[in-house]
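Asker: Contents are CSV, N, CA and C atoms and all ligand atoms; file name structure.csv:
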chain,number,residue,atom,x,y,z
A,1,MET,N,0.9,-1.2,0.0
A,1,MET,CA,0.0,0.0,0.0
A,1,MET,C,0.9,1.2,0.0
A,2,VAL,N,0.8,2.0,-1.0
A,2,VAL,CA,1.6,3.3,-1.1
A,2,VAL,C,0.6,4.4,-0.8
A,3,GLU,N,1.1,5.3,0.1
A,3,GLU,CA,0.3,6.5,0.4
A,3,GLU,C,1.1,7.7,0.1
A,4,PHE,N,0.3,8.8,-0.2
A,4,PHE,CA,1.0,10.0,-0.5
A,4,PHE,C,0.5,11.1,0.5
A,5,CYS,N,1.3,12.0,0.8
A,5,CYS,CA,1.0,13.1,1.7
A,5,CYS,C,-0.1,14.0,1.2
A,6,PRO,N,-1.1,14.2,2.0
A,6,PRO,CA,-2.2,15.1,1.5
A,6,PRO,C,-1.8,16.6,1.4
A,7,GLU,N,-0.7,16.9,2.1
A,7,GLU,CA,-0.2,18.3,2.2
A,7,GLU,C,0.6,18.6,0.9
A,8,CYS,N,1.6,17.7,0.6
A,8,CYS,CA,2.5,18.1,-0.4
A,8,CYS,C,2.7,17.0,-1.5
A,9,SER,N,1.9,15.9,-1.4
A,9,SER,CA,1.9,14.8,-2.4
A,9,SER,C,3.2,14.1,-2.5
A,10,ASN,N,4.1,14.2,-1.5
A,10,ASN,CA,5.3,13.4,-1.5
A,10,ASN,C,4.9,12.0,-1.0
A,11,LEU,N,5.8,11.0,-1.3
A,11,LEU,CA,5.6,9.7,-0.8
A,11,LEU,C,5.8,9.6,0.7
A,12,LEU,N,4.9,8.9,1.4
A,12,LEU,CA,5.0,8.8,2.8
A,12,LEU,C,5.8,7.6,3.2
A,13,ARG,N,6.6,7.7,4.2
A,13,ARG,CA,7.4,6.6,4.7
A,13,ARG,C,6.9,6.0,6.0
A,14,LYS,N,7.0,4.7,6.1
A,14,LYS,CA,6.5,4.0,7.3
A,14,LYS,C,7.6,4.1,8.3
A,15,ARG,N,7.2,4.3,9.5
A,15,ARG,CA,8.1,4.3,10.7
A,15,ARG,C,7.4,3.8,11.9
A,16,ARG,N,8.1,3.0,12.7
A,16,ARG,CA,7.5,2.4,13.9
A,16,ARG,C,8.0,3.2,15.1
A,17,ILE,N,7.1,3.8,15.8
A,17,ILE,CA,7.4,4.5,17.0
A,17,ILE,C,6.6,4.0,18.2
A,18,ASP,N,7.3,3.5,19.2
A,18,ASP,CA,6.6,2.9,20.4
A,18,ASP,C,5.6,1.9,20.0
A,19,ASP,N,5.9,1.0,19.1
A,19,ASP,CA,5.0,-0.1,18.7
A,19,ASP,C,3.8,0.3,17.9
A,20,LYS,N,3.9,1.6,17.4
A,20,LYS,CA,2.8,2.0,16.6
A,20,LYS,C,3.4,2.4,15.2
A,21,LEU,N,2.7,2.2,14.2
A,21,LEU,CA,3.2,2.5,12.9
A,21,LEU,C,2.7,3.8,12.4
A,22,PHE,N,3.6,4.7,11.9
A,22,PHE,CA,3.2,5.9,11.3
A,22,PHE,C,3.6,6.1,9.9
A,23,LEU,N,2.8,6.8,9.1
A,23,LEU,CA,3.3,7.3,7.8
A,23,LEU,C,3.8,8.7,8.0
A,24,ILE,N,5.0,8.9,7.6
A,24,ILE,CA,5.6,10.2,7.8
A,24,ILE,C,6.1,10.8,6.6
A,25,CYS,N,5.9,12.1,6.5
A,25,CYS,CA,6.4,12.9,5.3
A,25,CYS,C,7.5,13.8,5.6
A,26,LYS,N,8.3,14.1,4.6
A,26,LYS,CA,9.4,15.1,4.8
A,26,LYS,C,8.9,16.4,5.3
A,27,CYS,N,7.7,16.8,5.0
A,27,CYS,CA,7.2,18.1,5.3
A,27,CYS,C,6.7,18.2,6.8
A,28,GLY,N,6.7,17.0,7.5
A,28,GLY,CA,6.4,17.0,8.9
A,28,GLY,C,5.0,16.4,9.1
A,29,TYR,N,4.3,16.2,8.1
A,29,TYR,CA,3.0,15.5,8.2
A,29,TYR,C,3.1,14.1,8.7
A,30,GLN,N,2.3,13.7,9.6
A,30,GLN,CA,2.3,12.3,10.0
A,30,GLN,C,1.0,11.7,10.3
A,31,GLN,N,0.8,10.5,10.1
A,31,GLN,CA,-0.5,9.8,10.2
A,31,GLN,C,-0.3,8.5,10.8
A,32,GLU,N,-1.1,8.1,11.8
A,32,GLU,CA,-0.9,6.8,12.4
A,32,GLU,C,-1.6,5.8,11.6
A,33,ILE,N,-1.0,4.6,11.4
A,33,ILE,CA,-1.6,3.5,10.7
A,33,ILE,C,-2.3,2.7,11.7
A,34,GLN,N,-3.5,2.3,11.4
A,34,GLN,CA,-4.3,1.4,12.4
A,34,GLN,C,-3.6,0.1,12.4
A,35,ASN,N,-3.9,-0.7,13.5
A,35,ASN,CA,-3.2,-1.8,13.9
A,35,ASN,C,-3.1,-3.0,12.8
A,36,ASP,N,-3.9,-2.9,11.8
A,36,ASP,CA,-4.0,-4.0,10.8
A,36,ASP,C,-2.6,-4.6,10.5
A,37,ASN,N,-1.7,-3.7,10.1
A,37,ASN,CA,-0.4,-4.1,9.6
A,37,ASN,C,0.3,-4.9,10.7
A,38,ILE,N,0.3,-4.4,11.9
A,38,ILE,CA,1.0,-5.0,13.0
A,38,ILE,C,0.4,-6.4,13.3
A,39,ASP,N,-0.9,-6.5,13.2
A,39,ASP,CA,-1.5,-7.8,13.4
A,39,ASP,C,-1.1,-8.8,12.4
A,40,ILE,N,-1.0,-8.4,11.1
A,40,ILE,CA,-0.6,-9.3,10.1
A,40,ILE,C,0.8,-9.7,10.3
A,41,GLU,N,1.7,-8.8,10.7
A,41,GLU,CA,3.1,-9.1,11.0
A,41,GLU,C,3.1,-10.2,12.1
A,42,LYS,N,2.3,-10.0,13.1
A,42,LYS,CA,2.3,-10.9,14.2
A,42,LYS,C,1.8,-12.3,13.8
A,43,SER,N,0.8,-12.3,13.0
A,43,SER,CA,0.3,-13.7,12.6
A,43,SER,C,1.3,-14.4,11.7
A,44,ILE,N,2.0,-13.6,10.9
A,44,ILE,CA,3.0,-14.2,10.0
A,44,ILE,C,4.1,-14.8,10.9
A,45,LYS,N,4.5,-14.1,11.9
A,45,LYS,CA,5.5,-14.5,12.9
A,45,LYS,C,5.0,-15.8,13.6
A,46,LYS,N,3.8,-15.8,14.0
A,46,LYS,CA,3.2,-17.0,14.7
A,46,LYS,C,3.3,-18.2,13.7
A,47,LYS,N,2.9,-18.0,12.5
A,47,LYS,CA,2.9,-19.1,11.6
A,47,LYS,C,4.3,-19.6,11.4
A,48,LYS,N,5.2,-18.7,11.3
A,48,LYS,CA,6.6,-19.1,11.1
A,48,LYS,C,7.1,-19.9,12.3
A,49,GLN,N,6.7,-19.5,13.5
A,49,GLN,CA,7.2,-20.2,14.6
A,49,GLN,C,6.6,-21.6,14.7
A,50,ALA,N,5.3,-21.7,14.3
A,50,ALA,CA,4.6,-23.0,14.3
A,50,ALA,C,5.3,-23.9,13.3
A,51,LEU,N,5.7,-23.3,12.2
A,51,LEU,CA,6.3,-24.1,11.2
A,51,LEU,C,7.7,-24.6,11.7
A,52,GLU,N,8.4,-23.7,12.3
A,52,GLU,CA,9.7,-24.1,12.8
A,52,GLU,C,9.6,-25.2,13.9
A,53,LYS,N,8.5,-25.2,14.7
A,53,LYS,CA,8.3,-26.2,15.7
A,53,LYS,C,8.1,-27.5,15.0
A,54,ASN,N,7.3,-27.5,13.9
A,54,ASN,CA,7.1,-28.8,13.2
A,54,ASN,C,8.4,-29.4,12.7
A,55,LEU,N,9.2,-28.5,12.2
A,55,LEU,CA,10.5,-29.0,11.6
A,55,LEU,C,11.6,-28.9,12.6
A,56,LEU,N,11.4,-29.4,13.8
A,56,LEU,CA,12.2,-29.0,15.0
A,56,LEU,C,13.7,-29.3,14.7
A,57,ILE,N,14.0,-30.4,14.0
A,57,ILE,CA,15.4,-30.8,13.9
A,57,ILE,C,16.0,-30.3,12.6
A,58,VAL,N,15.2,-29.7,11.8
A,58,VAL,CA,15.6,-29.3,10.5
A,58,VAL,C,15.9,-27.9,10.3
A,59,SER,N,17.0,-27.5,9.9
A,59,SER,CA,17.4,-26.1,9.7
A,59,SER,C,17.2,-25.8,8.2
A,60,ASP,N,17.3,-24.5,7.9
A,60,ASP,CA,17.0,-24.0,6.6
A,60,ASP,C,18.0,-24.6,5.6
A,61,GLU,N,19.2,-24.9,6.0
A,61,GLU,CA,20.2,-25.3,5.1
A,61,GLU,C,20.1,-26.8,4.8
A,62,ASP,N,19.3,-27.5,5.5
A,62,ASP,CA,19.2,-28.9,5.2
A,62,ASP,C,18.3,-29.1,4.0
A,63,LYS,N,18.5,-30.1,3.3
A,63,LYS,CA,17.6,-30.4,2.2
A,63,LYS,C,16.6,-31.4,2.6
A,64,ILE,N,15.4,-31.0,2.4
A,64,ILE,CA,14.2,-31.9,2.9
A,64,ILE,C,13.5,-32.5,1.7
A,65,SER,N,13.3,-33.7,1.7
A,65,SER,CA,12.5,-34.3,0.6
A,65,SER,C,11.1,-34.3,1.0
A,66,VAL,N,10.2,-34.7,0.2
A,66,VAL,CA,8.8,-34.6,0.4
A,66,VAL,C,8.3,-35.5,1.5
A,67,LEU,N,7.3,-35.1,2.3
A,67,LEU,CA,6.7,-35.9,3.3
A,67,LEU,C,6.0,-37.0,2.7
A,68,LEU,N,6.1,-38.2,3.3
A,68,LEU,CA,5.4,-39.4,2.9
A,68,LEU,C,4.8,-40.0,4.1
A,69,LYS,N,3.7,-40.8,3.8
A,69,LYS,CA,3.1,-41.6,4.9
A,69,LYS,C,3.8,-42.9,4.9
A,70,ALA,N,4.0,-43.5,6.1
A,70,ALA,CA,4.6,-44.8,6.2
A,70,ALA,C,4.0,-45.6,7.3
A,71,LYS,N,4.0,-46.9,7.2
A,71,LYS,CA,3.6,-47.8,8.3
A,71,LYS,C,4.8,-47.9,9.2
A,72,LYS,N,4.6,-47.4,10.4
A,72,LYS,CA,5.7,-47.4,11.3
A,72,LYS,C,5.2,-47.4,12.8
A,73,ASP,N,5.7,-48.2,13.6
A,73,ASP,CA,5.3,-48.2,15.0
A,73,ASP,C,5.8,-47.0,15.7
A,74,CYS,N,4.9,-46.3,16.4
A,74,CYS,CA,5.3,-45.2,17.2
A,74,CYS,C,5.9,-45.7,18.5
A,75,PRO,N,7.0,-45.2,18.9
A,75,PRO,CA,7.6,-45.6,20.2
A,75,PRO,C,6.8,-45.0,21.4
A,76,LYS,N,6.0,-44.0,21.2
A,76,LYS,CA,5.3,-43.4,22.3
A,76,LYS,C,3.9,-43.9,22.5
A,77,CYS,N,3.2,-44.1,21.4
A,77,CYS,CA,1.8,-44.6,21.5
A,77,CYS,C,1.7,-45.8,20.6
A,78,ASP,N,0.4,-46.4,20.5
A,78,ASP,CA,0.3,-47.6,19.8
A,78,ASP,C,-0.1,-47.4,18.3
A,79,ASN,N,0.1,-46.2,17.9
A,79,ASN,CA,-0.3,-45.9,16.5
A,79,ASN,C,0.8,-46.5,15.5
A,80,ILE,N,0.3,-46.9,14.3
A,80,ILE,CA,1.2,-47.5,13.4
A,80,ILE,C,1.3,-46.7,12.1
A,81,GLU,N,0.9,-45.5,12.1
A,81,GLU,CA,1.1,-44.7,10.9
A,81,GLU,C,1.9,-43.4,11.2
A,82,ALA,N,2.9,-43.2,10.4
A,82,ALA,CA,3.7,-42.0,10.7
A,82,ALA,C,4.0,-41.3,9.3
A,83,GLU,N,4.3,-40.0,9.5
A,83,GLU,CA,4.9,-39.3,8.3
A,83,GLU,C,6.4,-39.5,8.3
A,84,THR,N,6.9,-39.6,7.1
A,84,THR,CA,8.4,-39.8,7.1
A,84,THR,C,9.0,-38.8,6.0
A,85,TRP,N,10.2,-38.3,6.3
A,85,TRP,CA,10.9,-37.5,5.4
A,85,TRP,C,12.4,-37.7,5.6
A,86,GLN,N,13.1,-37.4,4.5
A,86,GLN,CA,14.5,-37.5,4.6
A,86,GLN,C,15.2,-36.2,4.7
A,87,VAL,N,16.3,-36.1,5.4
A,87,VAL,CA,17.1,-34.9,5.4
A,87,VAL,C,18.5,-35.2,5.1
A,88,GLN,N,19.0,-34.5,4.1
A,88,GLN,CA,20.4,-34.6,3.8
A,88,GLN,C,21.1,-33.4,4.4
A,89,ILE,N,21.9,-33.7,5.5
A,89,ILE,CA,22.6,-32.6,6.2
A,89,ILE,C,23.7,-32.0,5.3
A,90,ARG,N,23.7,-30.7,5.2
A,90,ARG,CA,24.6,-30.1,4.3
A,90,ARG,C,26.1,-30.3,4.8
A,91,SER,N,27.0,-30.4,3.9
A,91,SER,CA,28.4,-30.6,4.2
A,91,SER,C,28.6,-31.8,5.1
A,92,SER,N,27.9,-32.8,4.9
A,92,SER,CA,28.1,-34.1,5.6
A,92,SER,C,28.1,-35.2,4.5
A,93,ASP,N,29.1,-36.1,4.7
A,93,ASP,CA,29.2,-37.2,3.8
A,93,ASP,C,28.3,-38.3,4.1
A,94,GLU,N,27.6,-38.3,5.3
A,94,GLU,CA,26.8,-39.3,5.7
A,94,GLU,C,25.5,-39.4,4.8
A,95,PRO,N,25.0,-40.6,4.6
A,95,PRO,CA,23.7,-40.7,3.9
A,95,PRO,C,22.6,-40.0,4.6
A,96,SER,N,21.6,-39.7,3.8
A,96,SER,CA,20.5,-38.9,4.4
A,96,SER,C,19.8,-39.6,5.5
A,97,THR,N,19.3,-38.8,6.5
A,97,THR,CA,18.7,-39.4,7.7
A,97,THR,C,17.1,-39.4,7.5
A,98,HIS,N,16.6,-40.5,7.9
A,98,HIS,CA,15.1,-40.7,7.9
A,98,HIS,C,14.5,-40.2,9.2
A,99,PHE,N,13.5,-39.3,9.0
A,99,PHE,CA,12.8,-38.9,10.2
A,99,PHE,C,11.4,-39.4,10.1
A,100,PHE,N,10.8,-39.7,11.3
A,100,PHE,CA,9.4,-40.1,11.4
A,100,PHE,C,8.7,-39.3,12.3
A,101,ARG,N,7.4,-39.0,12.0
A,101,ARG,CA,6.6,-38.3,13.0
A,101,ARG,C,5.2,-39.0,13.1
A,102,CYS,N,4.9,-39.4,14.3
A,102,CYS,CA,3.6,-40.1,14.5
A,102,CYS,C,2.4,-39.2,14.2
A,103,ILE,N,1.5,-39.7,13.4
A,103,ILE,CA,0.4,-38.9,13.0
A,103,ILE,C,-0.5,-38.6,14.2
A,104,LYS,N,-0.6,-39.6,15.1
A,104,LYS,CA,-1.5,-39.4,16.3
A,104,LYS,C,-0.9,-38.5,17.3
A,105,CYS,N,0.2,-38.8,17.8
A,105,CYS,CA,0.8,-38.0,19.0
A,105,CYS,C,1.8,-37.0,18.6
A,106,LYS,N,2.2,-37.0,17.3
A,106,LYS,CA,3.2,-36.0,16.8
A,106,LYS,C,4.6,-36.2,17.3
A,107,TYR,N,4.8,-37.3,18.0
A,107,TYR,CA,6.2,-37.6,18.4
A,107,TYR,C,7.1,-37.8,17.2
A,108,THR,N,8.2,-37.1,17.2
A,108,THR,CA,9.2,-37.2,16.1
A,108,THR,C,10.4,-37.9,16.5
A,109,TRP,N,10.9,-38.8,15.6
A,109,TRP,CA,12.1,-39.5,15.9
A,109,TRP,C,12.9,-39.8,14.6
A,110,ARG,N,14.1,-40.1,14.8
A,110,ARG,CA,14.9,-40.4,13.5
A,110,ARG,C,15.4,-41.8,13.6
A,111,GLU,N,15.8,-42.3,12.4
A,111,GLU,CA,16.3,-43.7,12.4
A,111,GLU,C,17.7,-43.7,11.9
A,201,ZN,ZN,4.1,16.3,3.0
A,202,ZN,ZN,2.4,-41.8,18.6
Translate the structure described by the file into structure tokens.
Answerer:
Amino acid sequence: MVEFCPECSNLLRKRRIDDKLFLICKCGYQQEIQNDNIDIEKSIKKKKQALEKNLLIVSDEDKISVLLKAKKDCPKCDNIEAETWQVQIRSSDEPSTHFFRCIKCKYTWRE
């Protein structure tokens, strides 16, 4: 969203002051942005954190292959279905590692 100053038609710049977002112009005009943007930023952050939690042992630099379903006994509960994926750790000569996550209790382990 691009906004222009109603006073002088210059491009307004976003600035965060005390956790509030303002649109500020060179001429001194300023306008507070309602919280929508901050809420969106927060929800993106939350989603990102949730995602990181899911991939707890996996870092950005690791190569992840596609998730697959597999018949596998969960060590924590009696479920026999798990998601499985492979991770090739970067700069490692070892073969890729298999990870499993129980569909029922979400327990994750590697083989
Ligand atoms: Zn202005
Ligand atoms: Zn389980």
Asker: Using only C-alpha atoms and all ligand atoms, which protein or nucleic acid residues are at most 8 Å from ligand ZN 201 (chain A), as a PyMOL selection string?
Answerer: chain A and resi 4-12+24-29
Asker: Please identify all protein, DNA and RNA residues within 6.5 Å of ligand ZN 202 (chain A), counting all atoms listed in the file, and report them as an MDAnalysis selection string.
Answerer: chainID A and resid 74:79 102:107
Asker: So the first atom is atom N of Ser43 of chain A and the second is atom N of Phe100 of chain A; what is the distance between them in Å, to one decimal place?
Answerer: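 Taking atom N of Ser43 of chain A and atom N of Phe100 of chain A, their separation equals 29.2 Å.
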Asker: May I ask for the distance between atom CA of Glu83 of chain A and atom CA of Glu111 of chain A, given in Å to one decimal place?
Answerer: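 Taking atom CA of Glu83 of chain A as the start and atom CA of Glu111 of chain A as the end point, the length is 12.9 Å.
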Asker: Counting only C-alpha atoms, find residues at most 12 Å from (7.4, 0.4, 10.5) (file frame) and give them as an NGL selection string.
Answerer: :A and (12-24 or 32-35 or 37-38 or 41)
Asker: What separation in Å, quoted to one decimal, exists between atom CA of Gln30 of chain A and atom CA of Glu3 of chain A?
Answerer: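 Pair atom CA of Gln30 of chain A / atom CA of Glu3 of chain A returns 11.4 Å.
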Asker: Which protein, DNA or RNA residues are at most 7 Å from (7.4, -42.9, 4.7) in the file's coordinates when you count only C-alpha atoms, listed as a PyMOL selection string?
Answerer: chain A and resi 68-70+83-85
Asker: Could you dump the residues just selected with N, CA and C atoms as a tab-separated table (two decimals), in the frame of the given file?
Answerer:
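Ended up saving to out_32.tsv:
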chain	number	residue	atom	x	y	z
A	68	LEU	N	6.10	-38.20	3.30
A	68	LEU	CA	5.40	-39.40	2.90
A	68	LEU	C	4.80	-40.00	4.10
A	69	LYS	N	3.70	-40.80	3.80
A	69	LYS	CA	3.10	-41.60	4.90
A	69	LYS	C	3.80	-42.90	4.90
A	70	ALA	N	4.00	-43.50	6.10
A	70	ALA	CA	4.60	-44.80	6.20
A	70	ALA	C	4.00	-45.60	7.30
A	83	GLU	N	4.30	-40.00	9.50
A	83	GLU	CA	4.90	-39.30	8.30
A	83	GLU	C	6.40	-39.50	8.30
A	84	THR	N	6.90	-39.60	7.10
A	84	THR	CA	8.40	-39.80	7.10
A	84	THR	C	9.00	-38.80	6.00
A	85	TRP	N	10.20	-38.30	6.30
A	85	TRP	CA	10.90	-37.50	5.40
A	85	TRP	C	12.40	-37.70	5.60
